[in-house]
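**Student:** Sharing entry32.txt (compact mmCIF, C-alpha atoms) below.
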# COMPACT_ATOMS: atom_id res chain seq x y z
CA MET X 1 0.00 0.00 0.00
CA THR X 2 1.40 3.34 -1.00
CA ASP X 3 0.21 6.43 0.80
CA ASP X 4 0.00 9.26 -1.72
CA ALA X 5 1.59 11.92 0.50
CA ALA X 6 1.77 14.42 -2.36
CA ALA X 7 -1.98 14.97 -2.27
CA ARG X 8 -2.18 15.84 1.42
CA ARG X 9 -0.75 18.59 3.56
CA LEU X 10 1.09 17.63 6.75
CA ASN X 11 -1.20 17.62 9.80
CA PRO X 12 -0.16 20.67 11.93
CA LEU X 13 -0.36 18.54 15.10
CA HIS X 14 2.22 16.14 13.64
CA LEU X 15 4.41 19.06 12.56
CA VAL X 16 4.40 20.60 16.05
CA ALA X 17 4.90 17.22 17.76
CA ALA X 18 7.93 16.40 15.58
CA PHE X 19 9.44 19.85 16.14
CA ALA X 20 8.94 19.56 19.92
CA THR X 21 10.46 16.06 19.84
CA GLY X 22 13.57 17.67 18.36
CA GLY X 23 13.61 20.10 21.30
CA LEU X 24 13.48 17.11 23.64
CA LEU X 25 16.52 15.74 21.81
CA THR X 26 18.50 18.93 22.51
CA ALA X 27 17.78 18.54 26.24
CA MET X 28 18.71 14.82 26.12
CA VAL X 29 21.96 15.45 24.27
CA HIS X 30 22.90 18.08 26.86
CA LEU X 31 22.00 15.92 29.89
CA ASN X 32 23.54 12.71 28.54
CA GLY X 33 26.62 14.68 27.49
CA GLU X 34 26.96 15.88 31.12
CA LEU X 35 26.64 12.26 32.24
CA ALA X 36 29.43 11.28 29.84
CA ARG X 37 31.59 14.10 31.24
CA TYR X 38 31.34 12.57 34.75
CA GLY X 39 32.13 9.13 33.33
CA ASN X 40 32.28 8.00 29.71
CA PRO X 41 29.88 7.60 26.74
CA LEU X 42 29.11 3.96 27.56
CA PHE X 43 28.25 4.84 31.17
CA SER X 44 26.08 7.71 29.96
CA SER X 45 24.07 5.59 27.53
CA TRP X 46 23.81 2.69 29.99
CA VAL X 47 22.47 4.93 32.76
CA ALA X 48 20.07 6.73 30.38
CA HIS X 49 18.64 3.37 29.22
CA GLY X 50 18.37 2.16 32.85
CA THR X 51 16.61 5.26 34.18
CA GLY X 52 14.49 5.27 31.00
CA THR X 53 13.38 1.68 31.63
CA ALA X 54 12.37 2.60 35.19
CA ALA X 55 10.50 5.71 34.00
CA ALA X 56 8.67 3.74 31.28
CA LEU X 57 7.61 1.09 33.81
CA LEU X 58 6.31 3.79 36.15
CA LEU X 59 4.33 5.47 33.35
CA LEU X 60 2.88 2.14 32.16
CA ALA X 61 1.83 1.26 35.72
CA LEU X 62 0.07 4.63 36.08
CA LEU X 63 -1.71 4.26 32.72
CA LEU X 64 -2.66 0.63 33.31
CA ARG X 65 -4.50 1.64 36.48
CA ARG X 66 -6.65 4.11 34.59
CA GLN X 67 -7.58 2.13 31.51
CA GLY X 68 -9.30 -1.17 32.17
CA ALA X 69 -9.32 -4.15 29.82
CA GLY X 70 -11.57 -4.15 26.79
CA ALA X 71 -9.32 -2.61 24.16
CA PRO X 72 -9.48 -4.62 20.92
CA ALA X 73 -6.62 -7.10 20.51
CA LYS X 74 -3.99 -6.08 17.96
CA PRO X 75 -2.05 -8.53 15.77
CA SER X 76 1.19 -9.46 17.50
CA ALA X 77 4.51 -7.98 16.43
CA PRO X 78 7.29 -10.01 14.81
CA LEU X 79 10.25 -10.69 17.13
CA TRP X 80 12.60 -8.45 15.13
CA ALA X 81 10.42 -5.44 15.97
CA TYR X 82 11.73 -5.72 19.55
CA LEU X 83 15.32 -5.02 18.42
CA GLY X 84 15.09 -1.22 18.09
CA GLY X 85 17.06 -0.92 21.32
CA ILE X 86 20.00 -2.86 19.85
CA SER X 87 20.10 -0.50 16.90
CA GLY X 88 20.00 2.44 19.32
CA ALA X 89 22.82 1.03 21.46
CA VAL X 90 25.04 0.48 18.40
CA THR X 91 24.29 4.05 17.27
CA VAL X 92 25.66 5.38 20.58
CA MET X 93 28.89 3.41 20.20
CA LEU X 94 29.48 4.42 16.56
CA THR X 95 28.71 8.07 17.33
CA SER X 96 30.99 8.34 20.35
CA PHE X 97 33.81 6.79 18.28
CA ALA X 98 33.26 9.25 15.38
CA VAL X 99 32.96 12.34 17.62
CA ASN X 100 36.39 11.63 19.10
CA SER X 101 38.01 11.25 15.65
CA PRO X 102 39.30 13.96 13.24
CA ILE X 103 35.81 14.45 11.76
CA ALA X 104 34.71 15.72 15.23
CA LEU X 105 31.16 16.67 16.26
CA SER X 106 30.23 18.71 13.18
CA GLY X 107 31.41 15.99 10.78
CA THR X 108 29.62 13.31 12.79
CA LEU X 109 26.35 15.28 12.81
CA ALA X 110 26.52 16.18 9.10
CA LEU X 111 27.35 12.63 7.95
CA GLY X 112 24.79 11.21 10.38
CA LEU X 113 22.19 13.50 8.84
CA ALA X 114 23.21 12.27 5.37
CA GLY X 115 22.74 8.68 6.56
CA GLN X 116 19.31 9.53 8.01
CA VAL X 117 18.13 11.24 4.81
CA GLY X 118 19.40 8.49 2.49
CA PHE X 119 18.02 5.63 4.53
CA GLY X 120 14.85 7.53 5.49
CA LEU X 121 13.99 7.99 1.80
CA ALA X 122 14.64 4.29 1.17
CA ALA X 123 12.53 3.26 4.20
CA ASP X 124 9.57 5.31 2.92
CA ARG X 125 10.03 4.26 -0.72
CA TRP X 126 9.90 0.52 0.05
CA GLY X 127 8.01 0.57 3.36
CA LEU X 128 10.91 -1.10 5.16
CA PHE X 129 10.39 -2.96 8.47
CA GLY X 130 6.64 -3.32 8.16
CA LEU X 131 5.62 0.34 7.98
CA PRO X 132 3.57 1.69 5.04
CA ALA X 133 5.40 2.80 1.87
CA ARG X 134 5.11 6.50 1.04
CA ARG X 135 6.03 8.62 -1.94
CA PRO X 136 6.89 12.23 -1.12
CA GLY X 137 5.70 14.82 -3.66
CA GLY X 138 7.45 17.88 -5.09
CA ARG X 139 6.36 20.17 -2.25
CA ASP X 140 7.57 17.66 0.34
CA PHE X 141 10.99 17.53 -1.30
CA ALA X 142 11.21 21.33 -1.40
CA ALA X 143 10.28 21.59 2.29
CA LEU X 144 12.69 18.83 3.30
CA GLY X 145 15.45 20.43 1.20
CA LEU X 146 15.02 23.74 3.05
CA ILE X 147 15.14 22.01 6.46
CA LEU X 148 18.21 20.00 5.41
CA ALA X 149 20.02 23.10 4.09
CA GLY X 150 19.26 25.08 7.27
CA SER X 151 20.41 22.20 9.49
CA LEU X 152 23.67 21.72 7.58
CA LEU X 153 24.31 25.47 7.76
CA ILE X 154 23.95 25.38 11.56
CA ILE X 155 26.03 22.22 11.97
CA LEU X 156 28.86 23.26 9.63
CA GLN X 157 28.92 27.01 10.31
CA GLY X 158 32.32 26.68 11.98
CA HIS X 159 33.70 25.71 8.56
CA PHE X 160 32.17 28.73 6.80
CA ALA X 161 32.82 31.50 9.30
CA MET J 1 39.22 9.12 9.11
CA ILE J 2 37.41 7.11 6.39
CA LEU J 3 36.32 4.61 9.04
CA SER J 4 34.98 7.41 11.28
CA ALA J 5 33.07 8.88 8.34
CA ILE J 6 31.51 5.49 7.58
CA PHE J 7 30.65 5.00 11.26
CA ALA J 8 28.96 8.42 11.43
CA CYS J 9 26.92 7.70 8.29
CA VAL J 10 25.90 4.22 9.48
CA ALA J 11 24.91 5.72 12.85
CA GLY J 12 22.48 8.00 10.98
CA MET J 13 21.04 5.03 9.08
CA LEU J 14 20.60 3.14 12.36
CA VAL J 15 18.60 6.07 13.79
CA ILE J 16 16.09 5.38 11.00
CA VAL J 17 16.22 1.59 11.53
CA SER J 18 15.57 2.04 15.23
CA ARG J 19 12.60 4.34 14.63
CA GLN J 20 11.11 2.01 12.00
CA LEU J 21 11.41 -1.00 14.34
CA ASN J 22 9.94 0.89 17.31
CA GLY J 23 7.23 2.28 15.03
CA ARG J 24 6.33 -1.23 13.84
CA LEU J 25 6.22 -2.50 17.43
CA SER J 26 4.01 0.42 18.46
CA LEU J 27 1.45 -0.63 15.82
CA SER J 28 1.05 -3.96 17.63
CA THR J 29 1.29 -2.50 21.14
CA SER J 30 1.46 1.24 21.88
CA PRO J 31 4.16 3.93 21.54
CA LEU J 32 4.89 3.78 25.30
CA VAL J 33 5.15 -0.02 25.39
CA SER J 34 7.41 0.15 22.34
CA SER J 35 9.60 2.76 24.08
CA PHE J 36 9.77 0.51 27.16
CA TRP J 37 11.07 -2.43 25.07
CA ASN J 38 13.53 -0.16 23.28
CA HIS J 39 15.01 0.86 26.65
CA VAL J 40 15.04 -2.62 28.23
CA VAL J 41 16.68 -4.22 25.19
CA GLY J 42 19.18 -1.34 24.84
CA PHE J 43 19.99 -1.54 28.55
CA ALA J 44 20.60 -5.29 28.32
CA ALA J 45 22.83 -4.89 25.25
CA LEU J 46 24.86 -2.08 26.86
CA THR J 47 25.21 -4.12 30.08
CA VAL J 48 26.73 -7.00 28.08
CA VAL J 49 29.12 -4.60 26.30
CA GLY J 50 30.04 -2.90 29.60
CA LEU J 51 30.73 -6.21 31.35
CA ALA J 52 32.93 -7.23 28.41
CA ILE J 53 35.02 -4.06 28.05
CA GLY J 54 34.52 -2.37 31.45
CA GLY J 55 33.69 1.26 32.23
CA LEU J 56 30.11 0.84 33.49
CA LEU J 57 30.91 2.38 36.88
CA PRO J 58 33.50 5.13 36.35
CA ALA J 59 35.16 6.93 39.29
CA GLY J 60 33.16 10.17 38.87
CA ALA J 61 29.76 8.41 38.92
CA GLY J 62 29.10 9.32 42.56
CA GLU J 63 29.32 13.10 41.92
CA VAL J 64 26.62 13.31 39.23
CA PRO J 65 23.92 15.90 40.17
CA TRP J 66 20.40 14.39 40.31
CA TRP J 67 18.94 16.43 37.42
CA VAL J 68 21.47 14.97 34.98
CA TYR J 69 19.60 11.66 35.35
CA LEU J 70 16.50 13.20 33.72
CA GLY J 71 18.00 12.47 30.26
CA GLY J 72 16.79 8.85 30.47
CA PRO J 73 13.12 9.62 31.25
CA LEU J 74 13.11 12.30 28.52
CA GLY J 75 14.38 9.58 26.17
CA VAL J 76 11.26 7.50 26.92
CA VAL J 77 9.05 10.34 25.69
CA PHE J 78 11.39 10.92 22.72
CA VAL J 79 11.24 7.29 21.55
CA ALA J 80 7.48 7.02 22.13
CA SER J 81 6.87 10.21 20.20
CA GLY J 82 9.11 9.05 17.33
CA SER J 83 7.22 5.73 17.07
CA TRP J 84 3.89 7.53 17.06
CA LEU J 85 5.05 9.96 14.36
CA VAL J 86 6.84 7.56 12.01
CA ALA J 87 3.69 5.45 11.64
CA ARG J 88 1.75 8.60 10.67
CA ILE J 89 4.03 10.86 8.63
CA GLY J 90 6.78 8.45 7.52
CA ALA J 91 10.52 8.14 8.06
CA ILE J 92 11.88 11.11 6.11
CA ASN J 93 9.33 13.62 7.43
CA THR J 94 9.88 12.47 11.02
CA ALA J 95 13.66 12.50 10.67
CA LEU J 96 13.98 15.98 9.16
CA LEU J 97 11.32 17.66 11.31
CA VAL J 98 12.92 16.25 14.47
CA VAL J 99 16.36 17.40 13.29
CA GLY J 100 14.87 20.83 12.46
CA GLY J 101 13.46 21.10 15.99
CA GLN J 102 16.77 19.94 17.43
CA MET J 103 18.70 22.56 15.44
CA VAL J 104 16.40 25.50 16.28
CA SER J 105 16.25 24.61 20.00
CA GLY J 106 20.01 24.00 19.97
CA VAL J 107 20.65 27.50 18.59
CA ALA J 108 18.32 28.97 21.25
CA PHE J 109 20.12 26.95 23.94
CA ASP J 110 23.54 28.18 22.75
CA LEU J 111 22.30 31.78 22.66
CA MET J 112 21.12 31.49 26.27
CA ARG J 113 24.61 30.34 27.22
CA SER J 114 26.07 32.96 24.85
CA ALA J 115 28.07 30.35 23.00
CA ALA J 116 26.85 30.87 19.42
CA PRO J 117 29.86 30.83 17.08
CA SER J 118 28.14 32.91 14.41
CA ALA J 119 24.81 34.61 15.06
CA TRP J 120 23.94 35.40 11.45
CA LEU J 121 24.75 31.96 10.02
CA SER J 122 22.70 30.38 12.82
CA GLY J 123 19.91 32.84 12.12
CA LEU J 124 19.94 32.03 8.41
CA GLY J 125 19.86 28.30 9.23
CA VAL J 126 16.88 28.77 11.57
CA ALA J 127 15.09 30.85 8.90
CA LEU J 128 15.57 28.11 6.27
CA ILE J 129 14.24 25.45 8.68
CA LEU J 130 11.18 27.53 9.59
CA ALA J 131 10.54 28.23 5.88
CA GLY J 132 10.65 24.49 5.19
CA MET J 133 8.17 23.84 7.99
CA ALA J 134 5.86 26.59 6.72
CA LEU J 135 6.01 25.05 3.23
CA THR J 136 4.63 21.75 4.59
CA GLN J 137 1.48 23.69 5.52
CA LYS J 138 0.92 25.23 2.09
CA ARG J 139 -2.02 23.77 0.17
CA SER J 140 -0.94 22.33 -3.17
What does the file become when written as structure tokens?
**Tutor:**
Amino acid sequence: MTDDAAARRLNPLHLVAAFATGGLLTAMVHLNGELARYGNPLFSSWVAHGTGTAAALLLLALLLRRQGAGAPAKPSAPLWAYLGGISGAVTVMLTSFAVNSPIALSGTLALGLAGQVGFGLAADRWGLFGLPARRPGGRDFAALGLILAGSLLIILQGHFA
Amino acid sequence: MILSAIFACVAGMLVIVSRQLNGRLSLSTSPLVSSFWNHVVGFAALTVVGLAIGGLLPAGAGEVPWWVYLGGPLGVVFVASGSWLVARIGAINTALLVVGGQMVSGVAFDLMRSAAPSAWLSGLGVALILAGMALTQKRS
């Protein structure tokens, strides 16, 4: 199934949620960076995943109390869908290696962004890992191009100025 | 250098893989349950790595201020939100809008700490990002 994204405008709620999620990432990068300063990147990521697990359990316990049973059963997920955490853990290791190399933080961010864009387009094009396939339209590409250009400008400004 | 560049690029690809997997899991469960599994599985994997190479409990660990530990709980919301979004607006939209939000908030954060290397290049970058976001709202 291909969702014809070109015909529809992005839902403003989704736009704001994604933008705010990016703000959350800035706070996380700062806090986890502090954690790494007291120890090392592995310690930082390990602690963040541990405290995150505890926080998620707490939230689930609170929500479970409120909502009773009776929600319709959903088809079960394939086992590989549980491996997102492995991918995330490997990301942390690769990133902390790259940041401490000659390409430094700006190179790591710029190349990481390139990897995200390339693989993100492929994931949408073929609906990889069980999510629906999508084809971005001309307006989507223009919007994404502007966001990409602005982001690269901010990341690489040290090389221009 | 070449190896670092490949690592950085692969790390970006894995950000997408992770979000797709968590997004798929959230379809069968919920974004919060999916975020929980992401953290448990990541914690287990990092524990194994830490036990193998050491460094899980560095000397400075005792001096960490309490608020620094809030990064983990924020990550739960971050992963849940990403799973919710990717199933609705797709991988490339989620990735670039999240990065856009990260960049704009990062510039604001640096300005508050008066650490912006170049105000006008940052400003131009923010303007381009906001223009891109506005364009997603234009009717075609």
**Student:** Per residue of chain J within 6 Å of chain X, which atom pair is closest and at what distance in Å (one decimal), using all atoms listed in the file, listed by chain and increasing number, as a tab-separated table?
**Tutor:**
residue	atom	partner	partner_atom	distance
J:Ser4	CA	X:Ala98	CA	4.8
J:Phe7	CA	X:Leu94	CA	5.5
J:Ala8	CA	X:Thr108	CA	5.1
J:Cys9	CA	X:Gly112	CA	4.6
J:Ala11	CA	X:Thr91	CA	4.8
J:Gly12	CA	X:Gly112	CA	4.0
J:Met13	CA	X:Gly115	CA	4.8
J:Leu14	CA	X:Ser87	CA	5.8
J:Ser18	CA	X:Gly84	CA	4.4
J:Leu21	CA	X:Ala81	CA	4.8
J:Asn22	CA	X:Gly84	CA	5.6
J:Leu25	CA	X:Ala81	CA	5.3
J:Ser28	CA	X:Ala77	CA	5.4
J:Phe36	CA	X:Ala56	CA	5.3
J:Asn38	CA	X:Gly85	CA	4.1
J:His39	CA	X:His49	CA	5.1
J:Val40	CA	X:Thr53	CA	5.7
J:Val41	CA	X:Gly85	CA	5.1
J:Gly42	CA	X:Gly85	CA	4.1
J:Phe43	CA	X:His49	CA	5.1
J:Leu46	CA	X:Trp46	CA	5.8
J:Leu56	CA	X:Phe43	CA	5.0
J:Pro58	CA	X:Gly39	CA	5.2
J:Gly60	CA	X:Tyr38	CA	5.1
J:Val68	CA	X:Leu31	CA	5.2
J:Gly71	CA	X:Met28	CA	4.8
J:Gly72	CA	X:Ala48	CA	3.9
J:Pro73	CA	X:Gly52	CA	4.6
J:Val76	CA	X:Gly52	CA	5.7
J:Phe78	CA	X:Thr21	CA	6.0
J:Ala91	CA	X:Gly120	CA	5.1
J:Ile92	CA	X:Gly120	CA	4.7
J:Leu97	CA	X:Ala18	CA	5.6
J:Val98	CA	X:Gly22	CA	4.2
J:Val99	CA	X:Gly22	CA	5.8
J:Gly101	CA	X:Gly22	CA	4.2
J:Gln102	CA	X:Gly22	CA	4.0
J:Ser105	CA	X:Gly23	CA	5.4
J:Gly106	CA	X:Thr26	CA	5.9
J:Ser122	CA	X:Ile154	CA	5.3
J:Gly125	CA	X:Gly150	CA	3.8
J:Leu128	CA	X:Gly150	CA	4.9
J:Ile129	CA	X:Ile147	CA	4.2
J:Gly132	CA	X:Ala143	CA	4.1
J:Leu135	CA	X:Ala143	CA	5.6
J:Thr136	CA	X:Leu10	CA	5.8
J:Gln137	CA	X:Arg9	CA	5.9
**Student:** To one decimal in Å, tell me the separation between atom CA of J:Leu32 and atom CA of X:Trp126.
**Tutor:**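 Spanning atom CA of J:Leu32 to atom CA of X:Trp126 is a straight-line distance of 25.9 Å.
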**Student:** Please report the interatomic distance between atom CA of J:Leu96 and atom CA of J:Ala5 in Å with one decimal.
**Tutor:** 20.4 Å
**Student:** Would you mind telling me which residue in J:Ile6, J:Leu51, J:Ile16, J:Met103 lies nearest to J:Ala127 when using all atoms listed in the file?
**Tutor:** J:Met103
**Student:** Have a look at atom CA of J:Pro31 and atom CA of J:Val79 and let me know their distance in Å, one decimal.
**Tutor:** 7.8 Å
